[in-house]
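Q: Sending over my_file_24.tsv (TSV, C-alpha atoms and all ligand atoms).
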chain	number	residue	atom	x	y	z
A	1	MET	CA	14.18	-193.95	-134.57
A	2	ALA	CA	14.15	-196.05	-131.42
A	3	ASN	CA	17.00	-196.90	-129.10
A	4	VAL	CA	15.41	-198.80	-126.24
A	5	ASN	CA	17.33	-200.68	-123.58
A	6	LEU	CA	16.99	-204.17	-125.07
A	7	ASP	CA	18.99	-205.67	-122.25
A	8	GLN	CA	16.28	-204.61	-119.82
A	9	LEU	CA	13.57	-206.20	-121.96
A	10	VAL	CA	15.18	-209.62	-122.31
A	11	LYS	CA	14.21	-212.15	-119.63
A	12	ASP	CA	16.94	-212.77	-117.03
A	13	LYS	CA	16.76	-216.54	-117.63
A	14	ILE	CA	17.57	-216.01	-121.32
A	15	LYS	CA	20.41	-213.60	-120.57
A	16	ALA	CA	21.98	-216.22	-118.31
A	17	LEU	CA	22.09	-218.80	-121.14
A	18	LYS	CA	24.93	-219.52	-123.53
A	19	ALA	CA	23.97	-220.37	-127.13
A	20	TYR	CA	24.66	-223.93	-128.30
A	21	HIS	CA	28.13	-223.61	-129.69
A	22	VAL	CA	28.74	-224.96	-133.19
A	23	GLU	CA	32.30	-224.66	-134.49
A	24	ASN	CA	32.29	-223.21	-137.96
A	25	PHE	CA	35.86	-223.47	-139.16
A	26	ASP	CA	36.52	-223.79	-142.85
A	27	CYS	CA	37.80	-227.37	-142.77
A	28	ASP	CA	37.53	-229.93	-145.59
A	29	ILE	CA	37.15	-232.83	-143.17
A	30	LYS	CA	34.22	-232.21	-140.85
A	31	LEU	CA	34.18	-234.73	-138.02
A	32	HIS	CA	32.62	-232.53	-135.35
A	33	ALA	CA	28.84	-232.92	-135.62
A	34	ASN	CA	28.21	-236.68	-135.78
A	35	GLU	CA	26.74	-236.42	-139.26
A	36	ASN	CA	27.02	-239.16	-141.89
A	37	SER	CA	30.05	-238.16	-143.98
A	38	TYR	CA	28.74	-240.09	-146.96
A	39	PRO	CA	26.28	-238.21	-149.18
A	40	PRO	CA	23.01	-240.06	-149.91
A	41	PRO	CA	23.70	-243.06	-152.23
A	42	SER	CA	23.18	-242.29	-155.94
A	43	GLU	CA	20.22	-244.69	-156.15
A	44	ILE	CA	18.49	-242.62	-153.47
A	45	LEU	CA	19.52	-239.30	-155.03
A	46	ASP	CA	17.82	-240.46	-158.26
A	47	LEU	CA	14.65	-241.19	-156.31
A	48	PHE	CA	14.92	-237.76	-154.64
A	49	GLN	CA	15.09	-236.13	-158.07
A	50	ASP	CA	11.99	-237.96	-159.32
A	51	THR	CA	10.13	-237.05	-156.13
A	52	PHE	CA	11.14	-233.41	-156.35
A	53	ARG	CA	9.12	-232.96	-159.54
A	54	THR	CA	5.94	-233.97	-157.74
A	55	PHE	CA	6.26	-231.32	-155.02
A	56	GLN	CA	3.71	-228.54	-154.89
A	57	LEU	CA	6.03	-225.99	-153.41
A	58	ASN	CA	3.42	-223.23	-153.79
A	59	ARG	CA	1.31	-225.09	-151.19
A	60	TYR	CA	1.85	-225.43	-147.47
A	61	PRO	CA	3.22	-228.80	-146.38
A	62	ASP	CA	0.96	-231.52	-145.01
A	63	PRO	CA	0.56	-230.39	-141.38
A	64	ALA	CA	0.13	-234.02	-140.30
A	65	SER	CA	3.17	-235.37	-142.25
A	66	GLN	CA	0.90	-238.29	-143.06
A	67	ARG	CA	2.99	-239.99	-145.74
A	68	LEU	CA	6.12	-239.94	-143.58
A	69	LYS	CA	4.12	-241.21	-140.62
A	70	ASP	CA	2.71	-244.05	-142.75
A	71	VAL	CA	6.24	-245.13	-143.67
A	72	LEU	CA	7.45	-244.90	-140.06
A	73	SER	CA	4.39	-246.71	-138.77
A	74	GLN	CA	5.19	-249.66	-141.07
A	75	ARG	CA	8.89	-249.71	-140.23
A	76	LEU	CA	8.38	-249.51	-136.48
A	77	SER	CA	5.12	-251.46	-136.18
A	78	VAL	CA	3.41	-248.65	-134.30
A	79	SER	CA	0.24	-246.80	-135.25
A	80	THR	CA	0.41	-243.35	-136.82
A	81	ASN	CA	-1.24	-241.76	-133.80
A	82	GLN	CA	1.85	-242.76	-131.81
A	83	LEU	CA	4.07	-240.54	-133.98
A	84	ALA	CA	5.03	-236.85	-134.01
A	85	ILE	CA	7.38	-235.38	-136.62
A	86	GLY	CA	9.81	-232.63	-135.63
A	87	ASN	CA	12.08	-230.16	-137.37
A	88	GLY	CA	14.94	-232.25	-136.04
A	89	SER	CA	14.59	-234.07	-132.74
A	90	ASP	CA	15.77	-230.88	-131.01
A	91	GLU	CA	12.35	-229.44	-131.70
A	92	LEU	CA	10.67	-232.44	-130.11
A	93	ILE	CA	12.76	-232.01	-126.94
A	94	GLN	CA	11.47	-228.44	-126.80
A	95	ILE	CA	7.86	-229.51	-127.39
A	96	LEU	CA	8.08	-232.17	-124.66
A	97	ILE	CA	9.33	-229.64	-122.11
A	98	GLN	CA	6.57	-227.24	-123.18
A	99	VAL	CA	3.93	-229.92	-122.72
A	100	PHE	CA	5.13	-231.24	-119.36
A	101	CYS	CA	6.90	-228.41	-117.53
A	102	ASP	CA	5.68	-225.18	-116.04
A	103	PRO	CA	8.37	-222.60	-115.22
A	104	GLY	CA	10.19	-223.82	-112.11
A	105	ASP	CA	9.52	-227.53	-112.82
A	106	THR	CA	12.52	-229.82	-113.02
A	107	VAL	CA	14.10	-231.73	-115.89
A	108	VAL	CA	16.76	-234.33	-114.99
A	109	PHE	CA	19.48	-235.93	-117.12
A	110	PRO	CA	22.77	-237.74	-116.55
A	111	ASP	CA	25.91	-235.66	-116.95
A	112	PRO	CA	27.83	-235.29	-119.19
A	113	THR	CA	25.23	-235.57	-121.95
A	114	PHE	CA	23.71	-233.75	-124.91
A	115	ALA	CA	23.79	-230.04	-124.04
A	116	MET	CA	20.39	-229.22	-125.51
A	117	TYR	CA	18.40	-230.84	-122.67
A	118	SER	CA	19.73	-228.23	-120.29
A	119	ILE	CA	19.72	-225.31	-122.75
A	120	ILE	CA	16.12	-225.89	-123.82
A	121	ALA	CA	14.86	-226.55	-120.27
A	122	ARG	CA	16.46	-223.41	-118.86
A	123	GLY	CA	15.38	-221.35	-121.86
A	124	MET	CA	11.81	-222.26	-121.00
A	125	GLY	CA	12.15	-221.42	-117.33
A	126	ALA	CA	12.43	-225.02	-116.14
A	127	LYS	CA	15.16	-226.16	-113.74
A	128	ALA	CA	17.86	-228.38	-115.25
A	129	GLU	CA	19.27	-230.90	-112.74
A	130	SER	CA	22.10	-233.18	-113.71
A	131	PHE	CA	23.12	-236.51	-112.20
A	132	PRO	CA	26.88	-237.24	-112.38
A	133	LEU	CA	27.77	-240.35	-114.34
A	134	ASP	CA	30.38	-242.69	-112.83
A	135	GLU	CA	33.88	-243.33	-114.21
A	136	GLN	CA	32.46	-245.74	-116.82
A	137	TRP	CA	29.96	-243.04	-117.87
A	138	ASP	CA	27.15	-245.13	-116.38
A	139	PHE	CA	24.82	-244.86	-113.38
A	140	ALA	CA	23.03	-246.95	-110.76
A	141	ALA	CA	19.25	-246.90	-110.61
A	142	GLU	CA	18.73	-246.28	-106.88
A	143	PRO	CA	20.56	-242.96	-106.46
A	144	PHE	CA	19.19	-241.82	-109.80
A	145	LEU	CA	15.63	-242.56	-108.66
A	146	GLU	CA	16.38	-240.70	-105.40
A	147	LYS	CA	17.44	-237.68	-107.45
A	148	LEU	CA	14.18	-237.85	-109.41
A	149	GLU	CA	12.22	-238.07	-106.17
A	150	GLN	CA	14.14	-235.35	-104.39
A	151	THR	CA	13.83	-232.89	-107.29
A	152	GLN	CA	10.21	-233.85	-108.03
A	153	ALA	CA	11.33	-234.24	-111.64
A	154	ARG	CA	8.72	-234.02	-114.40
A	155	ILE	CA	10.91	-235.38	-117.21
A	156	VAL	CA	14.09	-237.39	-117.43
A	157	PHE	CA	16.17	-237.49	-120.61
A	158	PHE	CA	18.49	-240.39	-121.46
A	159	SER	CA	20.62	-240.13	-124.57
A	160	TYR	CA	20.95	-243.80	-125.60
A	161	PRO	CA	23.76	-244.12	-126.73
A	162	ASN	CA	24.93	-241.09	-124.79
A	163	ASN	CA	26.39	-238.10	-126.59
A	164	PRO	CA	29.27	-237.25	-126.04
A	165	THR	CA	30.50	-240.29	-124.07
A	166	GLY	CA	29.41	-242.77	-126.78
A	167	ASN	CA	28.14	-245.62	-124.57
A	168	CYS	CA	24.69	-247.05	-123.98
A	169	PHE	CA	23.88	-246.90	-120.25
A	170	ASN	CA	23.14	-250.27	-118.64
A	171	ARG	CA	19.65	-251.33	-119.64
A	172	GLY	CA	18.84	-252.59	-116.15
A	173	ALA	CA	19.15	-249.12	-114.60
A	174	ILE	CA	17.01	-247.51	-117.29
A	175	GLN	CA	14.45	-250.27	-116.92
A	176	LYS	CA	14.27	-249.62	-113.16
A	177	VAL	CA	13.72	-245.92	-113.81
A	178	LEU	CA	10.98	-246.86	-116.27
A	179	GLU	CA	9.32	-249.12	-113.71
A	180	ASN	CA	9.43	-246.63	-110.85
A	181	PHE	CA	9.44	-243.05	-112.15
A	182	LYS	CA	6.00	-241.53	-112.42
A	183	GLY	CA	7.04	-238.63	-114.65
A	184	ILE	CA	7.97	-238.79	-118.34
A	185	THR	CA	10.99	-240.86	-119.39
A	186	VAL	CA	12.50	-239.81	-122.72
A	187	LEU	CA	14.84	-242.26	-124.44
A	188	ASP	CA	16.68	-240.14	-127.00
A	189	GLU	CA	17.76	-242.72	-129.55
A	190	ALA	CA	19.35	-240.27	-132.01
A	191	TYR	CA	22.19	-242.80	-132.53
A	192	TYR	CA	19.94	-245.87	-132.63
A	193	ASP	CA	21.12	-246.95	-136.10
A	194	PHE	CA	24.66	-247.44	-134.78
A	195	ALA	CA	23.77	-249.18	-131.52
A	196	ARG	CA	20.73	-251.08	-132.82
A	197	ASP	CA	19.45	-251.28	-129.28
A	198	THR	CA	16.12	-249.73	-128.38
A	199	PHE	CA	13.42	-249.35	-125.74
A	200	LEU	CA	10.69	-249.22	-128.38
A	201	ASP	CA	9.22	-252.52	-127.15
A	202	GLN	CA	8.57	-250.92	-123.75
A	203	LEU	CA	6.02	-248.50	-125.20
A	204	GLU	CA	3.23	-251.03	-124.93
A	205	THR	CA	3.66	-251.36	-121.17
A	206	HIS	CA	4.78	-247.81	-120.25
A	207	ASN	CA	2.50	-244.98	-121.28
A	208	ASN	CA	4.96	-242.41	-119.89
A	209	LEU	CA	7.81	-243.42	-122.24
A	210	VAL	CA	8.82	-241.28	-125.22
A	211	ILE	CA	11.32	-242.51	-127.82
A	212	LEU	CA	13.09	-239.88	-129.94
A	213	ARG	CA	14.88	-240.68	-133.18
A	214	SER	CA	16.64	-238.56	-135.80
A	215	LEU	CA	17.60	-238.83	-139.46
A	216	SER	CA	20.46	-236.35	-138.92
A	217	LYS	CA	23.03	-239.00	-138.08
A	218	ILE	CA	22.29	-241.29	-141.02
A	219	GLY	CA	22.48	-238.89	-143.92
A	220	LEU	CA	19.79	-236.23	-143.84
A	221	ALA	CA	21.14	-233.67	-141.34
A	222	GLY	CA	20.41	-230.90	-143.85
A	223	LEU	CA	16.70	-231.73	-143.95
A	224	ARG	CA	16.09	-231.59	-140.17
A	225	VAL	CA	13.86	-234.60	-139.54
A	226	GLY	CA	13.29	-236.13	-136.13
A	227	TYR	CA	10.38	-238.10	-134.75
A	228	ALA	CA	8.86	-239.09	-131.45
A	229	VAL	CA	7.13	-242.39	-130.72
A	230	ALA	CA	4.87	-242.41	-127.67
A	231	HIS	CA	1.40	-243.18	-126.33
A	232	PRO	CA	-1.31	-241.45	-128.45
A	233	ALA	CA	-2.31	-239.38	-125.40
A	234	ILE	CA	1.18	-237.81	-125.32
A	235	ILE	CA	1.26	-237.26	-129.09
A	236	GLU	CA	-2.13	-235.56	-128.89
A	237	GLN	CA	-0.77	-232.98	-126.41
A	238	MET	CA	2.45	-232.50	-128.41
A	239	ASP	CA	0.34	-231.75	-131.49
A	240	LYS	CA	-1.29	-228.83	-129.66
A	241	ILE	CA	2.08	-227.13	-129.13
A	242	ARG	CA	3.73	-228.10	-132.43
A	243	LEU	CA	3.61	-225.27	-134.96
A	244	PRO	CA	1.26	-226.24	-137.81
A	245	TYR	CA	3.88	-226.52	-140.56
A	246	ASN	CA	6.95	-227.38	-138.50
A	247	SER	CA	8.09	-230.00	-141.00
A	248	ASN	CA	8.42	-228.79	-144.58
A	249	THR	CA	7.35	-230.65	-147.73
A	250	VAL	CA	10.89	-231.41	-148.94
A	251	SER	CA	11.95	-232.88	-145.58
A	252	GLN	CA	8.81	-234.97	-145.12
A	253	GLU	CA	8.84	-236.42	-148.61
A	254	LEU	CA	12.56	-237.10	-148.98
A	255	ALA	CA	12.70	-238.66	-145.52
A	256	ALA	CA	9.88	-241.00	-146.58
A	257	VAL	CA	11.78	-241.92	-149.77
A	258	LEU	CA	14.98	-242.69	-147.84
A	259	LEU	CA	13.22	-244.78	-145.21
A	260	ASN	CA	11.40	-246.72	-147.91
A	261	ARG	CA	14.67	-247.60	-149.62
A	262	PHE	CA	16.86	-248.13	-146.58
A	263	GLY	CA	19.18	-250.84	-147.98
A	264	PRO	CA	21.87	-248.53	-149.40
A	265	VAL	CA	21.81	-246.41	-146.22
A	266	LYS	CA	22.20	-249.51	-144.11
A	267	GLN	CA	25.29	-250.36	-146.18
A	268	GLN	CA	26.74	-246.95	-145.31
A	269	ILE	CA	25.95	-247.51	-141.63
A	270	ASP	CA	27.65	-250.92	-141.74
A	271	GLN	CA	30.73	-249.28	-143.25
A	272	ILE	CA	30.72	-246.62	-140.53
A	273	LEU	CA	30.51	-249.34	-137.86
A	274	GLU	CA	33.48	-251.17	-139.40
A	275	GLN	CA	35.40	-247.92	-139.54
A	276	ARG	CA	34.50	-247.13	-135.93
A	277	ASP	CA	36.03	-250.40	-134.78
A	278	TRP	CA	39.13	-249.77	-136.90
A	279	LEU	CA	39.48	-246.23	-135.54
A	280	ILE	CA	39.12	-247.38	-131.94
A	281	LYS	CA	41.70	-250.12	-132.49
A	282	ILE	CA	44.26	-247.71	-133.99
A	283	LEU	CA	43.66	-244.94	-131.46
A	284	SER	CA	43.84	-247.42	-128.56
A	285	ASN	CA	47.42	-248.21	-129.59
A	286	LEU	CA	48.49	-244.61	-129.04
A	287	PRO	CA	49.79	-244.29	-125.45
A	288	GLU	CA	49.15	-240.53	-125.50
A	289	LEU	CA	45.38	-241.13	-125.67
A	290	GLN	CA	42.66	-242.55	-123.44
A	291	ILE	CA	39.89	-243.97	-125.62
A	292	PHE	CA	36.32	-244.51	-124.43
A	293	PRO	CA	34.21	-247.34	-125.92
A	294	SER	CA	31.49	-246.29	-128.36
A	295	ASP	CA	28.10	-247.64	-129.42
A	296	ALA	CA	27.57	-244.61	-131.67
A	297	ASN	CA	29.11	-243.03	-134.80
A	298	PHE	CA	31.71	-241.06	-132.83
A	299	VAL	CA	34.55	-241.71	-130.44
A	300	LEU	CA	35.40	-239.77	-127.28
A	301	PHE	CA	39.05	-239.64	-126.27
A	302	ARG	CA	41.27	-237.79	-123.82
A	303	VAL	CA	44.65	-236.40	-124.82
A	304	HIS	CA	47.41	-236.22	-122.24
A	305	ARG	CA	48.06	-232.59	-123.05
A	306	SER	CA	45.96	-229.54	-123.96
A	307	SER	CA	43.01	-230.63	-126.11
A	308	GLU	CA	42.68	-227.06	-127.36
A	309	GLU	CA	46.18	-227.24	-128.76
A	310	VAL	CA	45.49	-230.57	-130.47
A	311	PHE	CA	42.14	-229.25	-131.74
A	312	ASN	CA	43.82	-226.17	-133.26
A	313	GLN	CA	46.57	-228.23	-134.85
A	314	LEU	CA	43.95	-230.53	-136.41
A	315	VAL	CA	42.11	-227.45	-137.75
A	316	GLU	CA	45.36	-226.28	-139.34
A	317	LYS	CA	45.47	-229.65	-141.12
A	318	GLY	CA	41.89	-229.14	-142.31
A	319	ILE	CA	40.23	-231.48	-139.81
A	320	LEU	CA	37.43	-230.31	-137.53
A	321	VAL	CA	36.59	-232.34	-134.39
A	322	ARG	CA	34.76	-231.31	-131.20
A	323	ASP	CA	36.71	-229.98	-128.22
A	324	LEU	CA	34.81	-230.79	-125.01
A	325	ASN	CA	37.36	-229.37	-122.62
A	326	SER	CA	34.98	-226.75	-121.23
A	327	HIS	CA	33.02	-229.48	-119.38
A	328	PRO	CA	34.65	-230.16	-115.97
A	329	ARG	CA	34.35	-233.96	-116.43
A	330	LEU	CA	35.75	-233.80	-119.96
A	331	ARG	CA	39.01	-231.96	-119.45
A	332	ASN	CA	41.24	-232.39	-122.52
A	333	CYS	CA	38.66	-234.57	-124.23
A	334	LEU	CA	37.94	-234.49	-127.95
A	335	ARG	CA	35.13	-236.17	-129.84
A	336	VAL	CA	35.67	-237.36	-133.38
A	337	THR	CA	32.86	-238.46	-135.69
A	338	VAL	CA	33.56	-241.63	-137.68
A	339	GLY	CA	33.82	-240.37	-141.26
A	340	THR	CA	34.54	-242.02	-144.58
A	341	HIS	CA	37.49	-244.41	-144.86
A	342	ASP	CA	39.70	-241.66	-146.34
A	343	GLU	CA	38.69	-239.09	-143.73
A	344	ASN	CA	39.41	-241.47	-140.87
A	345	ALA	CA	42.77	-242.44	-142.35
A	346	GLU	CA	43.73	-238.77	-142.72
A	347	PHE	CA	42.59	-238.06	-139.15
A	348	VAL	CA	44.72	-240.92	-137.84
A	349	THR	CA	47.78	-239.77	-139.81
A	350	GLN	CA	47.43	-236.21	-138.57
A	351	ILE	CA	46.74	-236.96	-134.93
A	352	LYS	CA	49.68	-239.36	-134.81
A	353	SER	CA	51.96	-236.67	-136.21
A	354	ILE	CA	50.57	-234.04	-133.78
A	355	LEU	CA	51.05	-236.34	-130.79
A	356	ARG	CA	54.60	-237.13	-131.83
A	357	SER	CA	55.52	-233.46	-132.10
A	358	LYS	CA	56.41	-231.72	-128.81
A	359	GLY	CA	53.32	-230.13	-127.27
B	1	LIG	C1	21.63	-237.13	-128.29
B	1	LIG	C2	21.14	-236.20	-129.35
B	1	LIG	N1	19.83	-235.93	-129.42
B	1	LIG	C3	19.35	-235.11	-130.35
B	1	LIG	C4	20.18	-234.49	-131.26
B	1	LIG	C5	19.59	-233.53	-132.23
B	1	LIG	O1	19.31	-234.16	-133.41
B	1	LIG	P1	18.51	-233.43	-134.56
B	1	LIG	O2	19.50	-233.10	-135.61
B	1	LIG	O3	17.50	-234.45	-134.99
B	1	LIG	O4	17.86	-232.21	-133.96
B	1	LIG	C6	21.55	-234.74	-131.23
B	1	LIG	C7	22.45	-234.07	-132.17
B	1	LIG	O5	23.63	-234.03	-132.05
B	1	LIG	C8	22.04	-235.61	-130.24
B	1	LIG	O6	23.35	-235.87	-130.14
Rewrite the coordinates I just gave you, this time as structure tokens.
A:
Amino acid sequence: MANVNLDQLVKDKIKALKAYHVENFDCDIKLHANENSYPPPSEILDLFQDTFRTFQLNRYPDPASQRLKDVLSQRLSVSTNQLAIGNGSDELIQILIQVFCDPGDTVVFPDPTFAMYSIIARGMGAKAESFPLDEQWDFAAEPFLEKLEQTQARIVFFSYPNNPTGNCFNRGAIQKVLENFKGITVLDEAYYDFARDTFLDQLETHNNLVILRSLSKIGLAGLRVGYAVAHPAIIEQMDKIRLPYNSNTVSQELAAVLLNRFGPVKQQIDQILEQRDWLIKILSNLPELQIFPSDANFVLFRVHRSSEEVFNQLVEKGILVRDLNSHPRLRNCLRVTVGTHDENAEFVTQIKSILRSKG
């Protein structure tokens, strides 16, 4: 038997971290994680089934994810040596920090933004430095570049559109960072399919640019597939750190099937975009709420009372959203994912009734 002092063994930097918090309430309507509420279209499910029979599950997956890379290379008009496949784009964020940061090096990102940039950086002993966004959740290039200079940043992460604020930052400011910053600029385009705005065309002229994308927001969250597009010299270094079988056979193959038959998924995305506009219009008419514009598949809003109370009342009605109140800039803010038509309608009915009741 052993009863060692585990607390003493764990690194101080890890003890100081808080785990990424994922609400796990038993709600029928899950609008908290920016997933696609629609299951894969039946036409694609049929293709999945046919593909499944061809899997050699007794064998390790293809360590190079070659078939998936071939499909992506065609879709994006990049060569396969510009691609790295991750077990979700989270893993690629981790790999990038591993490749470019020694302990004590600095990673910069606007704030508020996706929590994992900070969690991963600090978990690996890097310094996480945030740059406060303005009231429109945007930033100006000059002070941002000063921050990069002053912190001697190695990597900057931009979530484009930004999670959780929902907007795309102004392109001009990002472009200026790209032109002037001599470290690595990561454009995290996890919500690209909803904004349809990208910096992919800048790869040819900026060898320090990395684009990250994800299939989690467009229907395959359960498979964990993300990819990076970058200069081959960056991909080569990422491949040294990447675990040999980080992407499993099922994920690689089904992702390739879905990307090859994208039409039905695009229809779902179009529906989500229509629903987003509808949701924003309805919510904007409620005087108790402040709505922020969105280029993504979710909407950030502030309630003029305790967001925790509203969150809990929604849970009681079987609806799970994300409460962001713990962030000092997001007091009483909630984030709702755009779901199916029925889910959105139910959310609207319930939030209206909650707001009308005395808080
Ligand atoms: C901005 C951003 N980047 C990356 C991710 C992670 O995506 P994945 O599921 O591919 O790891 C998310 C997930 O919420 C996100 O919001």
Q: Could you check which of A:Asp90, A:Glu316, A:Glu236, A:Glu43 is closest to ligand LIG 1 (chain B), using only C-alpha atoms and all ligand atoms?
A: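 Closest to ligand LIG 1 (chain B) of all the choices is A:Asp90.
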Q: Hey, could you make a per-residue contact list for chain A against ligand LIG 1 (chain B) with 9 Å as the cut-off, showing the nearest pair of atoms and its distance in Å to one decimal, counting only C-alpha atoms and all ligand atoms, sorted by chain and number, as a Markdown table?
A:
| residue | atom | partner | partner_atom | distance |
| --- | --- | --- | --- | --- |
| A:Ala33 | CA | B:LIG1 | O5 | 6.4 |
| A:Asn34 | CA | B:LIG1 | O5 | 6.5 |
| A:Glu35 | CA | B:LIG1 | O5 | 8.2 |
| A:Gly86 | CA | B:LIG1 | O3 | 7.9 |
| A:Asn87 | CA | B:LIG1 | O4 | 7.0 |
| A:Gly88 | CA | B:LIG1 | O3 | 3.5 |
| A:Ser89 | CA | B:LIG1 | O3 | 3.7 |
| A:Asp90 | CA | B:LIG1 | O4 | 3.9 |
| A:Glu91 | CA | B:LIG1 | O4 | 6.6 |
| A:Leu92 | CA | B:LIG1 | O4 | 8.2 |
| A:Ile93 | CA | B:LIG1 | C3 | 8.0 |
| A:Thr113 | CA | B:LIG1 | C1 | 7.5 |
| A:Phe114 | CA | B:LIG1 | C1 | 5.2 |
| A:Ala115 | CA | B:LIG1 | O6 | 8.4 |
| A:Met116 | CA | B:LIG1 | C3 | 7.7 |
| A:Tyr117 | CA | B:LIG1 | N1 | 8.6 |
| A:Phe158 | CA | B:LIG1 | C1 | 8.2 |
| A:Ser159 | CA | B:LIG1 | C1 | 4.9 |
| A:Tyr160 | CA | B:LIG1 | C1 | 7.2 |
| A:Pro161 | CA | B:LIG1 | C1 | 7.5 |
| A:Asn162 | CA | B:LIG1 | C1 | 6.2 |
| A:Asn163 | CA | B:LIG1 | C1 | 5.1 |
| A:Pro164 | CA | B:LIG1 | O6 | 7.3 |
| A:Asp188 | CA | B:LIG1 | N1 | 5.8 |
| A:Glu189 | CA | B:LIG1 | C1 | 6.9 |
| A:Ala190 | CA | B:LIG1 | N1 | 5.1 |
| A:Tyr191 | CA | B:LIG1 | C1 | 7.1 |
| A:Leu212 | CA | B:LIG1 | N1 | 7.8 |
| A:Arg213 | CA | B:LIG1 | O3 | 7.0 |
| A:Ser214 | CA | B:LIG1 | O3 | 4.3 |
| A:Leu215 | CA | B:LIG1 | O3 | 6.3 |
| A:Ser216 | CA | B:LIG1 | O2 | 4.7 |
| A:Lys217 | CA | B:LIG1 | O2 | 7.3 |
| A:Leu220 | CA | B:LIG1 | O2 | 8.8 |
| A:Ala221 | CA | B:LIG1 | O2 | 6.0 |
| A:Gly222 | CA | B:LIG1 | O2 | 8.6 |
| A:Leu223 | CA | B:LIG1 | O2 | 8.9 |
| A:Arg224 | CA | B:LIG1 | O2 | 5.9 |
| A:Val225 | CA | B:LIG1 | O3 | 5.8 |
| A:Gly226 | CA | B:LIG1 | O3 | 4.7 |
| A:Tyr227 | CA | B:LIG1 | O3 | 8.0 |
Q: If you measure from CA of Val177 (chain A) to CA of Thr80 (chain A), what distance in Å do you get, rounded to one decimal?
A: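 That distance, rounded to one decimal, is 26.7 Å.
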Q: Considering all atoms listed in the file, state which residue in the set A:Val71, A:Ile120, A:Val303, A:Leu258 is at the smallest distance from Ile291 (chain A).
A: A:Val303
Q: Just give me the residues with any atom within 9 Å of (12.2, -234.8, -147.9), file coordinates, counting all atoms listed in the file, written as a CSV table (one decimal) with C-alpha atoms, keeping the file's coordinate frame.
A:
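Output contents, as saved in out-v2.csv:
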chain,number,residue,atom,x,y,z
A,48,PHE,CA,14.9,-237.8,-154.6
A,51,THR,CA,10.1,-237.0,-156.1
A,52,PHE,CA,11.1,-233.4,-156.4
A,220,LEU,CA,19.8,-236.2,-143.8
A,223,LEU,CA,16.7,-231.7,-144.0
A,225,VAL,CA,13.9,-234.6,-139.5
A,248,ASN,CA,8.4,-228.8,-144.6
A,249,THR,CA,7.4,-230.6,-147.7
A,250,VAL,CA,10.9,-231.4,-148.9
A,251,SER,CA,12.0,-232.9,-145.6
A,252,GLN,CA,8.8,-235.0,-145.1
A,253,GLU,CA,8.8,-236.4,-148.6
A,254,LEU,CA,12.6,-237.1,-149.0
A,255,ALA,CA,12.7,-238.7,-145.5
A,256,ALA,CA,9.9,-241.0,-146.6
A,257,VAL,CA,11.8,-241.9,-149.8
A,258,LEU,CA,15.0,-242.7,-147.8
Q: Could you tell me how far CA of Pro103 (chain A) sits from CA of Leu6 (chain A), in Å to one decimal place?
A: 22.6 Å
Q: At a cut-off of 7 Å, using only C-alpha atoms, what residues contact Ile29 (chain A)? Leave out same-chain residues fewer than 3 positions from it and give the result as a ChimeraX atom specification.
A: /A:318-320,343
Q: Could you check the closest approach to Leu145 (chain A) for each of A:Ala173, A:Leu17, A:Ile119, A:Leu45 and tell me which residue wins, using all atoms listed in the file?
A: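 So, comparing all the options, the nearest one is A:Ala173.
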Q: Calculated over all atoms listed in the file, which of the candidates A:Glu288, A:Asp138, A:Asp295, A:Asp239 has the smallest distance to Ser353 (chain A)?
A: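 Distance minimum relative to Ser353 (chain A) lands on A:Glu288.
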Q: Enter the distance from CA of Gly172 (chain A) to CA of Thr205 (chain A), in Å, rounded to one decimal.
A: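 We find that CA of Gly172 (chain A) and CA of Thr205 (chain A) lie 16.0 Å from each other.
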Q: Given only C-alpha atoms as the basis, pick out the residue of A:Val22, A:Asp201, A:Arg305, A:Asp277 nearest to Gln175 (chain A).
A: A:Asp201
Q: For Phe311 (chain A), which residue out of A:Phe262, A:Phe181, A:Phe25, A:Lys69 is the nearest one, using only C-alpha atoms?
A: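 Checking each of A:Phe262, A:Phe181, A:Phe25, A:Lys69 against Phe311 (chain A), counting only C-alpha atoms, the winner is A:Phe25.
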Q: As JSON, please report the centre and edge lengths, rounded to one decimal in Å, of the axis-aligned box that holds all listed atoms of region 319-326 of chain A with 4 Å of padding on each of the six sides.
A:
{"center_x": 37.5, "center_y": -229.5, "center_z": -130.5, "size_x": 13.5, "size_y": 13.6, "size_z": 26.6}
Q: Residues proximal to (-2.5, -235.6, -124.3) were defined as those with any atom within 12 Å of that point in the file's coordinates, counting all atoms listed in the file. Which are they, as a ChimeraX atom specification?
A: /A:81-82,96,99-100,207-208,230-241
Q: Please provide as a compact mmCIF listing (two decimals) with C-alpha atoms, in the coordinates of the input all residues within 12 Å of Asp342 (chain A), with the sequence filter that same-chain residues fewer than 6 positions apart are discarded (counting all atoms listed in the file).
A:
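The file below, out-v2.txt, is the result:
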# COMPACT_ATOMS: atom_id res chain seq x y z
CA ASP A 28 37.53 -229.93 -145.59
CA ILE A 29 37.15 -232.83 -143.17
CA SER A 37 30.05 -238.16 -143.98
CA TYR A 38 28.74 -240.09 -146.96
CA ILE A 272 30.72 -246.62 -140.53
CA GLN A 275 35.40 -247.92 -139.54
CA LEU A 279 39.48 -246.23 -135.54
CA VAL A 348 44.72 -240.92 -137.84
CA THR A 349 47.78 -239.77 -139.81
Q: Just want the 10 Å neighbourhood of Leu330 (chain A), counted on all atoms listed in the file, with same-chain residues fewer than 2 positions away dropped. Output as a PyMOL selection string.
A: chain A and resi 112+164-165+300-302+323-328+332-334
